[in-house]
Every structure is written in C-alpha cells, then in structure tokens.
Amino acid sequence: AFSSVKVGSLLSVHCDGCGPDVRARVSYISPDPEFTPPVIYSLENRQKLVYLVEARPEGDAGPLQPGQIVDVDLADMGK
C-alpha cells in the first residue's frame with residue numbers, strides 16, 4: 001500500500017520498451033496531496049488523491065529520462 005512508502009524505500013520501476021525493471025530509492029514525498037480533477041473529497045473517492053513522489057535510480061538508470069512517466073510496483077518494494 002502507498003502508506004508504506006517512505007523516503008529511503010526501494011521501488012521497482014518499469015516503463016514500456018525500457019527493458020528490465022530499474023530499482024530506485026524514494027528521495028522525496030510531497031507532504032501535500034492533490035486531487036485528480038474533477039473530484040469532490042469524500043471517503044469513497046480518497047483513492048483519487050495524488051502525491052508527488054521522486055525516486056532516484058540505484059546504479060544505471062538505463063533508458064530512463066528525468067520526468068518520464070513510469071509504472072511503480074509497490075508489491076516488490078524493499079527497504
């Protein structure tokens with residue numbers, strides 16, 4: 001779950017056409033949530049809250065570029 005992501009957490013990062021997954025360490029998590037528009041806050045739609053999370057690749061980043069959209073697998077998260 002996202003609530004277990006902390007600064008220093010190790011994540012598995014994947015992008016289409018990038019080859020094998022890249023391991024990245026979380027370096028920043030925004031303290032302020034944003035809403036994916038349009039939404040009115042309620043318990044039913046709190047999953048639509050978005051937090052900015054930055055992570056830096058461990059070792060070679062391969063074909064990843066700064067600002068590139070990627071998929072992050074929290075199931076493979078390590079510390």
# chains A, B, ... in the order shown; residues from 1 in each chain; ligands from 1
$ residues_around --residues "Leu11 (chain A)" --least-positions-apart "6" --cutoff "12 Å" --atoms "only C-alpha atoms" --output "list in words"
Phe2, Ser4, Val5, Asp21, Val22, Arg23, Ala24, Arg25, Val26, Ser27, Val53, Glu54, Ala55, Arg56, Pro57, Glu58, Val70, Asp71, Val72, Asp73, Leu74, Ala75, Asp76, Met77, Gly78 and Lys79 of chain A
$ write_last_selection --atoms "N, CA and C atoms" --output "PDB file, in the first residue's frame"
ATOM      1  N   PHE A   2       0.328   2.308  -0.555  1.00  0.00           N
ATOM      2  CA  PHE A   2       1.092   3.554  -0.649  1.00  0.00           C
ATOM      3  C   PHE A   2       1.500   4.066   0.723  1.00  0.00           C
ATOM      4  N   SER A   4       2.813   2.679   3.048  1.00  0.00           N
ATOM      5  CA  SER A   4       4.078   2.102   3.496  1.00  0.00           C
ATOM      6  C   SER A   4       5.285   2.686   2.762  1.00  0.00           C
ATOM      7  N   VAL A   5       5.064   3.539   1.765  1.00  0.00           N
ATOM      8  CA  VAL A   5       6.169   4.159   1.029  1.00  0.00           C
ATOM      9  C   VAL A   5       6.743   5.288   1.873  1.00  0.00           C
ATOM     10  N   ASP A  21      13.279  -4.068 -15.312  1.00  0.00           N
ATOM     11  CA  ASP A  21      12.925  -3.065 -14.308  1.00  0.00           C
ATOM     12  C   ASP A  21      14.176  -2.441 -13.708  1.00  0.00           C
ATOM     13  N   VAL A  22      14.021  -1.212 -13.243  1.00  0.00           N
ATOM     14  CA  VAL A  22      15.098  -0.469 -12.594  1.00  0.00           C
ATOM     15  C   VAL A  22      14.719  -0.316 -11.127  1.00  0.00           C
ATOM     16  N   ARG A  23      15.681  -0.512 -10.245  1.00  0.00           N
ATOM     17  CA  ARG A  23      15.448  -0.279  -8.819  1.00  0.00           C
ATOM     18  C   ARG A  23      15.734   1.193  -8.541  1.00  0.00           C
ATOM     19  N   ALA A  24      14.842   1.832  -7.781  1.00  0.00           N
ATOM     20  CA  ALA A  24      15.014   3.246  -7.456  1.00  0.00           C
ATOM     21  C   ALA A  24      14.673   3.471  -5.990  1.00  0.00           C
ATOM     22  N   ARG A  25      15.380   4.418  -5.374  1.00  0.00           N
ATOM     23  CA  ARG A  25      15.161   4.734  -3.966  1.00  0.00           C
ATOM     24  C   ARG A  25      14.399   6.052  -3.860  1.00  0.00           C
ATOM     25  N   VAL A  26      13.324   6.058  -3.059  1.00  0.00           N
ATOM     26  CA  VAL A  26      12.500   7.252  -2.872  1.00  0.00           C
ATOM     27  C   VAL A  26      13.338   8.338  -2.198  1.00  0.00           C
ATOM     28  N   SER A  27      13.387   9.529  -2.831  1.00  0.00           N
ATOM     29  CA  SER A  27      14.164  10.639  -2.289  1.00  0.00           C
ATOM     30  C   SER A  27      13.286  11.778  -1.778  1.00  0.00           C
ATOM     31  N   VAL A  53       5.887  11.874  -5.797  1.00  0.00           N
ATOM     32  CA  VAL A  53       6.957  11.064  -5.220  1.00  0.00           C
ATOM     33  C   VAL A  53       8.118  11.082  -6.200  1.00  0.00           C
ATOM     34  N   GLU A  54       9.305  11.407  -5.699  1.00  0.00           N
ATOM     35  CA  GLU A  54      10.511  11.378  -6.531  1.00  0.00           C
ATOM     36  C   GLU A  54      11.397  10.239  -6.051  1.00  0.00           C
ATOM     37  N   ALA A  55      12.009   9.543  -7.011  1.00  0.00           N
ATOM     38  CA  ALA A  55      12.916   8.441  -6.676  1.00  0.00           C
ATOM     39  C   ALA A  55      14.111   8.501  -7.609  1.00  0.00           C
ATOM     40  N   ARG A  56      15.262   8.144  -7.094  1.00  0.00           N
ATOM     41  CA  ARG A  56      16.499   8.142  -7.887  1.00  0.00           C
ATOM     42  C   ARG A  56      16.926   6.697  -8.133  1.00  0.00           C
ATOM     43  N   PRO A  57      17.282   6.391  -9.391  1.00  0.00           N
ATOM     44  CA  PRO A  57      17.705   5.024  -9.726  1.00  0.00           C
ATOM     45  C   PRO A  57      18.937   4.605  -8.931  1.00  0.00           C
ATOM     46  N   GLU A  58      18.969   3.337  -8.578  1.00  0.00           N
ATOM     47  CA  GLU A  58      20.145   2.753  -7.949  1.00  0.00           C
ATOM     48  C   GLU A  58      21.023   2.221  -9.075  1.00  0.00           C
ATOM     49  N   VAL A  70       6.437   6.465 -15.548  1.00  0.00           N
ATOM     50  CA  VAL A  70       6.789   5.064 -15.330  1.00  0.00           C
ATOM     51  C   VAL A  70       5.713   4.394 -14.480  1.00  0.00           C
ATOM     52  N   ASP A  71       5.758   3.071 -14.443  1.00  0.00           N
ATOM     53  CA  ASP A  71       4.927   2.290 -13.533  1.00  0.00           C
ATOM     54  C   ASP A  71       5.802   1.872 -12.362  1.00  0.00           C
ATOM     55  N   VAL A  72       5.243   1.932 -11.163  1.00  0.00           N
ATOM     56  CA  VAL A  72       5.969   1.543  -9.960  1.00  0.00           C
ATOM     57  C   VAL A  72       5.235   0.378  -9.323  1.00  0.00           C
ATOM     58  N   ASP A  73       5.974  -0.678  -9.011  1.00  0.00           N
ATOM     59  CA  ASP A  73       5.383  -1.861  -8.396  1.00  0.00           C
ATOM     60  C   ASP A  73       5.649  -1.823  -6.898  1.00  0.00           C
ATOM     61  N   LEU A  74       4.605  -1.534  -6.123  1.00  0.00           N
ATOM     62  CA  LEU A  74       4.755  -1.483  -4.673  1.00  0.00           C
ATOM     63  C   LEU A  74       4.860  -2.869  -4.063  1.00  0.00           C
ATOM     64  N   ALA A  75       4.395  -3.895  -4.767  1.00  0.00           N
ATOM     65  CA  ALA A  75       4.477  -5.260  -4.251  1.00  0.00           C
ATOM     66  C   ALA A  75       5.928  -5.699  -4.112  1.00  0.00           C
ATOM     67  N   ASP A  76       6.816  -5.157  -4.951  1.00  0.00           N
ATOM     68  CA  ASP A  76       8.234  -5.519  -4.910  1.00  0.00           C
ATOM     69  C   ASP A  76       9.044  -4.571  -4.041  1.00  0.00           C
ATOM     70  N   MET A  77       8.363  -3.718  -3.282  1.00  0.00           N
ATOM     71  CA  MET A  77       9.056  -2.689  -2.524  1.00  0.00           C
ATOM     72  C   MET A  77       9.935  -3.303  -1.454  1.00  0.00           C
ATOM     73  N   GLY A  78      11.151  -2.788  -1.349  1.00  0.00           N
ATOM     74  CA  GLY A  78      12.084  -3.226  -0.323  1.00  0.00           C
ATOM     75  C   GLY A  78      12.545  -2.033   0.486  1.00  0.00           C
ATOM     76  N   LYS A  79      13.282  -2.285   1.514  1.00  0.00           N
ATOM     77  CA  LYS A  79      13.798  -1.199   2.364  1.00  0.00           C
ATOM     78  C   LYS A  79      15.295  -1.136   2.235  1.00  0.00           C
TER      79      LYS A  79
END
$ closest_residue --among "A:Ser3, A:Gly8, A:Cys18, A:Val13" --to "Tyr51 (chain A)" --atoms "only C-alpha atoms"
A:Ser3
